[in-house]
Amino acid sequence: LVPTILLTAAGIGIDVGHQERIKVGSFDEITAALQDVRAKHKTSGSWLLAPGPNIPYNDLIRTMDAARDADFPNVTVVGSVLATNSIKP
């Protein structure tokens, strides 16, 4: 099982399998939610990050940090991140 974290203007969700989506209220809750996923499902530590349009770069980093804290170090970003975010040096 490879969970997908969805970052949208409407909020944060974690898709787990075909029929289950976990609503996450804040970035602080991502780590605990992923730990619950790991306890309930066979996972490899890999996950997908699916940001919606105009999601701030810092939100992507905060999500990756929270997942790493839950022992999910292997991320694949899906979607067009750079096309929808303004990254300033």
# chains A, B, ... in the order shown; residues from 1 in each chain; ligands from 1

$ select_by_dssp --residues "chain A" --states "strand (DSSP E)" --output "PDB file with C-alpha atoms, in the first residue's frame"
ATOM      1  CA  THR A   4      -1.278   9.532  -1.176  1.00  0.00           C
ATOM      2  CA  ILE A   5      -1.323  12.841   0.669  1.00  0.00           C
ATOM      3  CA  LEU A   6      -3.513  15.375  -1.085  1.00  0.00           C
ATOM      4  CA  LEU A   7      -2.818  19.056  -0.449  1.00  0.00           C
ATOM      5  CA  THR A   8      -5.582  21.311  -1.703  1.00  0.00           C
ATOM      6  CA  GLY A  11      -7.528  20.957   3.160  1.00  0.00           C
ATOM      7  CA  ILE A  12      -5.340  17.916   3.632  1.00  0.00           C
ATOM      8  CA  GLY A  13      -6.391  14.332   2.975  1.00  0.00           C
ATOM      9  CA  ILE A  14      -4.688  10.946   2.871  1.00  0.00           C
ATOM     10  CA  ASP A  15      -5.952   8.391   0.377  1.00  0.00           C
ATOM     11  CA  VAL A  16      -5.460   4.851   1.622  1.00  0.00           C
ATOM     12  CA  GLU A  20     -10.641   5.152   2.354  1.00  0.00           C
ATOM     13  CA  ARG A  21      -9.726   8.826   2.696  1.00  0.00           C
ATOM     14  CA  ILE A  22      -8.543  10.236   5.996  1.00  0.00           C
ATOM     15  CA  LYS A  23      -9.296  13.918   6.579  1.00  0.00           C
ATOM     16  CA  VAL A  24      -6.374  15.627   8.287  1.00  0.00           C
ATOM     17  CA  SER A  46       6.810   5.047   0.309  1.00  0.00           C
ATOM     18  CA  TRP A  47       4.097   7.634  -0.309  1.00  0.00           C
ATOM     19  CA  LEU A  48       2.815  10.028  -2.939  1.00  0.00           C
ATOM     20  CA  LEU A  49       2.441  13.772  -2.521  1.00  0.00           C
ATOM     21  CA  ALA A  50      -0.272  15.269  -4.748  1.00  0.00           C
ATOM     22  CA  PRO A  51      -0.380  19.055  -4.364  1.00  0.00           C
ATOM     23  CA  ASN A  74      10.340   7.772   0.294  1.00  0.00           C
ATOM     24  CA  VAL A  75       8.251  10.432  -1.435  1.00  0.00           C
ATOM     25  CA  THR A  76       7.203  10.785  -5.045  1.00  0.00           C
ATOM     26  CA  VAL A  77       5.644  14.104  -5.990  1.00  0.00           C
TER      27      VAL A  77
END

$ closest_residue --among "A:Phe72, A:Ser26, A:Gly52, A:Gly79" --to "Pro3 in chain A" --atoms "only C-alpha atoms"
A:Phe72

$ atom_distance --atom1 "CA of Gln19 in chain A" --atom2 "CA of Leu1 in chain A"
12.8 Å

$ residues_around --residues "Ala66 in chain A" --least-positions-apart "5" --cutoff "8 Å" --atoms "only C-alpha atoms" --output "ChimeraX atom specification"
/A:27-28,30-31

$ write_last_selection --atoms "all heavy atoms" --output "mmCIF file, in the first residue's frame"
data_model
loop_
_atom_site.group_PDB
_atom_site.id
_atom_site.type_symbol
_atom_site.label_atom_id
_atom_site.label_comp_id
_atom_site.auth_asym_id
_atom_site.auth_seq_id
_atom_site.Cartn_x
_atom_site.Cartn_y
_atom_site.Cartn_z
ATOM 1 N N PHE A 27 -1.231 20.315 9.541
ATOM 2 C CA PHE A 27 0.054 19.673 9.277
ATOM 3 C C PHE A 27 0.537 18.897 10.489
ATOM 4 O O PHE A 27 1.190 17.865 10.355
ATOM 5 C CB PHE A 27 1.102 20.716 8.863
ATOM 6 C CG PHE A 27 0.833 21.306 7.512
ATOM 7 C CD1 PHE A 27 0.245 22.546 7.400
ATOM 8 C CD2 PHE A 27 1.144 20.610 6.362
ATOM 9 C CE1 PHE A 27 -0.026 23.093 6.160
ATOM 10 C CE2 PHE A 27 0.876 21.143 5.111
ATOM 11 C CZ PHE A 27 0.295 22.383 5.012
ATOM 12 N N ASP A 28 0.209 19.378 11.684
ATOM 13 C CA ASP A 28 0.620 18.698 12.908
ATOM 14 C C ASP A 28 -0.008 17.314 13.044
ATOM 15 O O ASP A 28 0.510 16.478 13.775
ATOM 16 C CB ASP A 28 0.266 19.547 14.133
ATOM 17 C CG ASP A 28 1.029 20.865 14.166
ATOM 18 O OD1 ASP A 28 2.147 20.930 13.619
ATOM 19 O OD2 ASP A 28 0.500 21.832 14.732
ATOM 20 N N ILE A 30 -0.553 15.173 10.453
ATOM 21 C CA ILE A 30 -0.139 14.257 9.383
ATOM 22 C C ILE A 30 0.665 13.092 9.933
ATOM 23 O O ILE A 30 0.432 11.940 9.571
ATOM 24 C CB ILE A 30 0.658 15.003 8.293
ATOM 25 C CG1 ILE A 30 -0.246 15.985 7.553
ATOM 26 C CG2 ILE A 30 1.286 14.009 7.308
ATOM 27 C CD1 ILE A 30 0.486 16.895 6.580
ATOM 28 N N THR A 31 1.617 13.370 10.827
ATOM 29 C CA THR A 31 2.465 12.307 11.368
ATOM 30 C C THR A 31 1.625 11.230 12.046
ATOM 31 O O THR A 31 1.787 10.033 11.776
ATOM 32 C CB THR A 31 3.503 12.888 12.351
ATOM 33 O OG1 THR A 31 4.319 13.834 11.653
ATOM 34 C CG2 THR A 31 4.390 11.787 12.920
#

$ select_by_dssp --residues "chain A" --states "helix (DSSP H, G or I)" --output "number ranges by chain"
A: 27-40, 57-69, 81-84

$ write_last_selection --atoms "N, CA and C atoms" --output "tab-separated table (two decimals), in the first residue's frame"
chain	number	residue	atom	x	y	z
A	27	PHE	N	-1.23	20.32	9.54
A	27	PHE	CA	0.05	19.67	9.28
A	27	PHE	C	0.54	18.90	10.49
A	28	ASP	N	0.21	19.38	11.68
A	28	ASP	CA	0.62	18.70	12.91
A	28	ASP	C	-0.01	17.31	13.04
A	29	GLU	N	-1.11	17.06	12.36
A	29	GLU	CA	-1.82	15.78	12.46
A	29	GLU	C	-1.37	14.75	11.41
A	30	ILE	N	-0.55	15.17	10.45
A	30	ILE	CA	-0.14	14.26	9.38
A	30	ILE	C	0.67	13.09	9.93
A	31	THR	N	1.62	13.37	10.83
A	31	THR	CA	2.47	12.31	11.37
A	31	THR	C	1.62	11.23	12.05
A	32	ALA	N	0.71	11.63	12.92
A	32	ALA	CA	-0.13	10.65	13.63
A	32	ALA	C	-1.01	9.88	12.66
A	33	ALA	N	-1.56	10.56	11.66
A	33	ALA	CA	-2.42	9.88	10.69
A	33	ALA	C	-1.63	8.83	9.91
A	34	LEU	N	-0.40	9.15	9.51
A	34	LEU	CA	0.41	8.18	8.78
A	34	LEU	C	0.85	7.02	9.69
A	35	GLN	N	1.09	7.30	10.96
A	35	GLN	CA	1.40	6.21	11.89
A	35	GLN	C	0.22	5.27	12.03
A	36	ASP	N	-1.00	5.79	12.03
A	36	ASP	CA	-2.20	4.95	12.05
A	36	ASP	C	-2.29	4.11	10.78
A	37	VAL	N	-1.99	4.72	9.64
A	37	VAL	CA	-2.01	3.98	8.36
A	37	VAL	C	-1.02	2.82	8.45
A	38	ARG	N	0.17	3.09	8.94
A	38	ARG	CA	1.20	2.04	9.04
A	38	ARG	C	0.76	0.92	9.98
A	39	ALA	N	0.05	1.26	11.05
A	39	ALA	CA	-0.40	0.25	12.01
A	39	ALA	C	-1.50	-0.64	11.42
A	40	LYS	N	-2.31	-0.09	10.51
A	40	LYS	CA	-3.46	-0.82	9.97
A	40	LYS	C	-3.18	-1.53	8.65
A	57	TYR	N	5.09	26.44	-1.40
A	57	TYR	CA	6.25	25.56	-1.30
A	57	TYR	C	6.46	25.10	0.14
A	58	ASN	N	6.33	26.01	1.10
A	58	ASN	CA	6.53	25.63	2.51
A	58	ASN	C	5.55	24.56	2.97
A	59	ASP	N	4.35	24.53	2.40
A	59	ASP	CA	3.38	23.48	2.74
A	59	ASP	C	3.87	22.11	2.25
A	60	LEU	N	4.52	22.09	1.10
A	60	LEU	CA	5.09	20.83	0.60
A	60	LEU	C	6.18	20.34	1.55
A	61	ILE	N	7.05	21.24	1.96
A	61	ILE	CA	8.15	20.87	2.85
A	61	ILE	C	7.62	20.41	4.21
A	62	ARG	N	6.65	21.11	4.76
A	62	ARG	CA	6.06	20.71	6.05
A	62	ARG	C	5.43	19.32	5.96
A	63	THR	N	4.79	19.03	4.83
A	63	THR	CA	4.19	17.71	4.63
A	63	THR	C	5.27	16.64	4.55
A	64	MET	N	6.33	16.90	3.82
A	64	MET	CA	7.43	15.93	3.71
A	64	MET	C	8.09	15.69	5.07
A	65	ASP	N	8.28	16.74	5.84
A	65	ASP	CA	8.86	16.59	7.18
A	65	ASP	C	7.96	15.74	8.08
A	66	ALA	N	6.65	15.99	8.03
A	66	ALA	CA	5.71	15.22	8.86
A	66	ALA	C	5.71	13.74	8.46
A	67	ALA	N	5.78	13.47	7.17
A	67	ALA	CA	5.82	12.08	6.70
A	67	ALA	C	7.11	11.39	7.12
A	68	ARG	N	8.21	12.10	7.02
A	68	ARG	CA	9.50	11.53	7.45
A	68	ARG	C	9.45	11.19	8.94
A	69	ASP	N	8.83	12.06	9.74
A	69	ASP	CA	8.70	11.80	11.18
A	69	ASP	C	7.87	10.56	11.47
A	81	VAL	N	4.08	20.64	-9.76
A	81	VAL	CA	4.37	21.51	-8.63
A	81	VAL	C	4.96	22.83	-9.08
A	82	LEU	N	5.99	22.79	-9.88
A	82	LEU	CA	6.67	24.03	-10.25
A	82	LEU	C	5.81	24.91	-11.13
A	83	ALA	N	4.93	24.33	-11.88
A	83	ALA	CA	4.06	25.13	-12.75
A	83	ALA	C	3.01	25.89	-11.97
A	84	THR	N	2.72	25.46	-10.76
A	84	THR	CA	1.65	26.08	-9.99
A	84	THR	C	2.13	26.86	-8.78

$ closest_residue --among "A:Ala9, A:Val2, A:Ala70, A:Val78" --to "Asn54 in chain A" --atoms "only C-alpha atoms"
A:Ala9

$ decode --residues "range 26-67 of chain A" --atoms "N, CA and C atoms" --output "PDB file, in the first residue's frame"
ATOM      1  N   SER A  26      -4.697  19.429  10.160  1.00  0.00           N
ATOM      2  CA  SER A  26      -3.563  20.346  10.131  1.00  0.00           C
ATOM      3  C   SER A  26      -2.290  19.568   9.815  1.00  0.00           C
ATOM      4  N   PHE A  27      -1.231  20.315   9.541  1.00  0.00           N
ATOM      5  CA  PHE A  27       0.054  19.673   9.277  1.00  0.00           C
ATOM      6  C   PHE A  27       0.537  18.897  10.489  1.00  0.00           C
ATOM      7  N   ASP A  28       0.209  19.378  11.684  1.00  0.00           N
ATOM      8  CA  ASP A  28       0.620  18.698  12.908  1.00  0.00           C
ATOM      9  C   ASP A  28      -0.008  17.314  13.044  1.00  0.00           C
ATOM     10  N   GLU A  29      -1.110  17.062  12.358  1.00  0.00           N
ATOM     11  CA  GLU A  29      -1.816  15.778  12.464  1.00  0.00           C
ATOM     12  C   GLU A  29      -1.370  14.755  11.414  1.00  0.00           C
ATOM     13  N   ILE A  30      -0.553  15.173  10.453  1.00  0.00           N
ATOM     14  CA  ILE A  30      -0.139  14.257   9.383  1.00  0.00           C
ATOM     15  C   ILE A  30       0.665  13.092   9.933  1.00  0.00           C
ATOM     16  N   THR A  31       1.617  13.370  10.827  1.00  0.00           N
ATOM     17  CA  THR A  31       2.465  12.307  11.368  1.00  0.00           C
ATOM     18  C   THR A  31       1.625  11.230  12.046  1.00  0.00           C
ATOM     19  N   ALA A  32       0.714  11.626  12.917  1.00  0.00           N
ATOM     20  CA  ALA A  32      -0.126  10.647  13.630  1.00  0.00           C
ATOM     21  C   ALA A  32      -1.012   9.877  12.663  1.00  0.00           C
ATOM     22  N   ALA A  33      -1.558  10.559  11.663  1.00  0.00           N
ATOM     23  CA  ALA A  33      -2.423   9.876  10.694  1.00  0.00           C
ATOM     24  C   ALA A  33      -1.630   8.830   9.909  1.00  0.00           C
ATOM     25  N   LEU A  34      -0.400   9.151   9.511  1.00  0.00           N
ATOM     26  CA  LEU A  34       0.415   8.176   8.785  1.00  0.00           C
ATOM     27  C   LEU A  34       0.849   7.024   9.690  1.00  0.00           C
ATOM     28  N   GLN A  35       1.087   7.300  10.957  1.00  0.00           N
ATOM     29  CA  GLN A  35       1.404   6.214  11.890  1.00  0.00           C
ATOM     30  C   GLN A  35       0.224   5.266  12.028  1.00  0.00           C
ATOM     31  N   ASP A  36      -0.997   5.795  12.026  1.00  0.00           N
ATOM     32  CA  ASP A  36      -2.199   4.951  12.052  1.00  0.00           C
ATOM     33  C   ASP A  36      -2.292   4.108  10.784  1.00  0.00           C
ATOM     34  N   VAL A  37      -1.994   4.719   9.638  1.00  0.00           N
ATOM     35  CA  VAL A  37      -2.007   3.977   8.364  1.00  0.00           C
ATOM     36  C   VAL A  37      -1.020   2.823   8.445  1.00  0.00           C
ATOM     37  N   ARG A  38       0.174   3.088   8.940  1.00  0.00           N
ATOM     38  CA  ARG A  38       1.201   2.039   9.036  1.00  0.00           C
ATOM     39  C   ARG A  38       0.757   0.922   9.980  1.00  0.00           C
ATOM     40  N   ALA A  39       0.055   1.258  11.052  1.00  0.00           N
ATOM     41  CA  ALA A  39      -0.405   0.246  12.007  1.00  0.00           C
ATOM     42  C   ALA A  39      -1.500  -0.641  11.416  1.00  0.00           C
ATOM     43  N   LYS A  40      -2.312  -0.091  10.514  1.00  0.00           N
ATOM     44  CA  LYS A  40      -3.460  -0.821   9.969  1.00  0.00           C
ATOM     45  C   LYS A  40      -3.177  -1.531   8.648  1.00  0.00           C
ATOM     46  N   HIS A  41      -2.172  -1.062   7.905  1.00  0.00           N
ATOM     47  CA  HIS A  41      -1.922  -1.580   6.558  1.00  0.00           C
ATOM     48  C   HIS A  41      -0.453  -1.928   6.382  1.00  0.00           C
ATOM     49  N   LYS A  42      -0.204  -2.843   5.479  1.00  0.00           N
ATOM     50  CA  LYS A  42       1.174  -3.169   5.117  1.00  0.00           C
ATOM     51  C   LYS A  42       1.688  -2.050   4.209  1.00  0.00           C
ATOM     52  N   THR A  43       2.721  -1.343   4.660  1.00  0.00           N
ATOM     53  CA  THR A  43       3.290  -0.254   3.887  1.00  0.00           C
ATOM     54  C   THR A  43       4.801  -0.407   3.811  1.00  0.00           C
ATOM     55  N   SER A  44       5.394   0.238   2.826  1.00  0.00           N
ATOM     56  CA  SER A  44       6.840   0.134   2.636  1.00  0.00           C
ATOM     57  C   SER A  44       7.590   1.389   3.066  1.00  0.00           C
ATOM     58  N   GLY A  45       6.891   2.415   3.466  1.00  0.00           N
ATOM     59  CA  GLY A  45       7.541   3.683   3.772  1.00  0.00           C
ATOM     60  C   GLY A  45       7.533   4.629   2.585  1.00  0.00           C
ATOM     61  N   SER A  46       6.953   4.191   1.485  1.00  0.00           N
ATOM     62  CA  SER A  46       6.810   5.047   0.309  1.00  0.00           C
ATOM     63  C   SER A  46       5.447   5.720   0.345  1.00  0.00           C
ATOM     64  N   TRP A  47       5.369   6.922  -0.244  1.00  0.00           N
ATOM     65  CA  TRP A  47       4.097   7.634  -0.309  1.00  0.00           C
ATOM     66  C   TRP A  47       4.130   8.603  -1.464  1.00  0.00           C
ATOM     67  N   LEU A  48       2.961   9.061  -1.852  1.00  0.00           N
ATOM     68  CA  LEU A  48       2.815  10.028  -2.939  1.00  0.00           C
ATOM     69  C   LEU A  48       2.340  11.348  -2.361  1.00  0.00           C
ATOM     70  N   LEU A  49       2.882  12.432  -2.893  1.00  0.00           N
ATOM     71  CA  LEU A  49       2.441  13.772  -2.521  1.00  0.00           C
ATOM     72  C   LEU A  49       1.781  14.383  -3.749  1.00  0.00           C
ATOM     73  N   ALA A  50       0.503  14.714  -3.635  1.00  0.00           N
ATOM     74  CA  ALA A  50      -0.272  15.269  -4.748  1.00  0.00           C
ATOM     75  C   ALA A  50      -0.757  16.668  -4.377  1.00  0.00           C
ATOM     76  N   PRO A  51       0.043  17.695  -4.688  1.00  0.00           N
ATOM     77  CA  PRO A  51      -0.380  19.055  -4.364  1.00  0.00           C
ATOM     78  C   PRO A  51      -1.324  19.609  -5.415  1.00  0.00           C
ATOM     79  N   GLY A  52      -2.304  20.338  -4.963  1.00  0.00           N
ATOM     80  CA  GLY A  52      -3.195  21.025  -5.884  1.00  0.00           C
ATOM     81  C   GLY A  52      -2.540  22.305  -6.384  1.00  0.00           C
ATOM     82  N   PRO A  53      -3.235  23.040  -7.221  1.00  0.00           N
ATOM     83  CA  PRO A  53      -2.686  24.294  -7.734  1.00  0.00           C
ATOM     84  C   PRO A  53      -2.501  25.333  -6.631  1.00  0.00           C
ATOM     85  N   ASN A  54      -1.439  26.090  -6.770  1.00  0.00           N
ATOM     86  CA  ASN A  54      -1.146  27.229  -5.886  1.00  0.00           C
ATOM     87  C   ASN A  54      -0.906  26.857  -4.429  1.00  0.00           C
ATOM     88  N   ILE A  55      -0.422  25.659  -4.184  1.00  0.00           N
ATOM     89  CA  ILE A  55      -0.059  25.259  -2.827  1.00  0.00           C
ATOM     90  C   ILE A  55       1.333  25.825  -2.540  1.00  0.00           C
ATOM     91  N   PRO A  56       1.501  26.557  -1.443  1.00  0.00           N
ATOM     92  CA  PRO A  56       2.808  27.150  -1.137  1.00  0.00           C
ATOM     93  C   PRO A  56       3.908  26.098  -0.955  1.00  0.00           C
ATOM     94  N   TYR A  57       5.089  26.444  -1.396  1.00  0.00           N
ATOM     95  CA  TYR A  57       6.250  25.564  -1.299  1.00  0.00           C
ATOM     96  C   TYR A  57       6.462  25.101   0.140  1.00  0.00           C
ATOM     97  N   ASN A  58       6.332  26.007   1.103  1.00  0.00           N
ATOM     98  CA  ASN A  58       6.530  25.629   2.511  1.00  0.00           C
ATOM     99  C   ASN A  58       5.550  24.556   2.966  1.00  0.00           C
ATOM    100  N   ASP A  59       4.351  24.531   2.404  1.00  0.00           N
ATOM    101  CA  ASP A  59       3.383  23.477   2.741  1.00  0.00           C
ATOM    102  C   ASP A  59       3.874  22.115   2.252  1.00  0.00           C
ATOM    103  N   LEU A  60       4.521  22.089   1.099  1.00  0.00           N
ATOM    104  CA  LEU A  60       5.094  20.833   0.597  1.00  0.00           C
ATOM    105  C   LEU A  60       6.184  20.341   1.546  1.00  0.00           C
ATOM    106  N   ILE A  61       7.050  21.243   1.959  1.00  0.00           N
ATOM    107  CA  ILE A  61       8.149  20.866   2.854  1.00  0.00           C
ATOM    108  C   ILE A  61       7.619  20.411   4.212  1.00  0.00           C
ATOM    109  N   ARG A  62       6.646  21.113   4.765  1.00  0.00           N
ATOM    110  CA  ARG A  62       6.056  20.714   6.051  1.00  0.00           C
ATOM    111  C   ARG A  62       5.429  19.324   5.964  1.00  0.00           C
ATOM    112  N   THR A  63       4.793  19.028   4.831  1.00  0.00           N
ATOM    113  CA  THR A  63       4.188  17.710   4.627  1.00  0.00           C
ATOM    114  C   THR A  63       5.267  16.637   4.554  1.00  0.00           C
ATOM    115  N   MET A  64       6.332  16.900   3.817  1.00  0.00           N
ATOM    116  CA  MET A  64       7.428  15.927   3.713  1.00  0.00           C
ATOM    117  C   MET A  64       8.087  15.693   5.066  1.00  0.00           C
ATOM    118  N   ASP A  65       8.277  16.737   5.840  1.00  0.00           N
ATOM    119  CA  ASP A  65       8.861  16.593   7.181  1.00  0.00           C
ATOM    120  C   ASP A  65       7.962  15.745   8.085  1.00  0.00           C
ATOM    121  N   ALA A  66       6.652  15.988   8.030  1.00  0.00           N
ATOM    122  CA  ALA A  66       5.709  15.218   8.858  1.00  0.00           C
ATOM    123  C   ALA A  66       5.714  13.743   8.464  1.00  0.00           C
ATOM    124  N   ALA A  67       5.785  13.466   7.171  1.00  0.00           N
ATOM    125  CA  ALA A  67       5.818  12.076   6.703  1.00  0.00           C
ATOM    126  C   ALA A  67       7.114  11.394   7.123  1.00  0.00           C
TER     127      ALA A  67
END
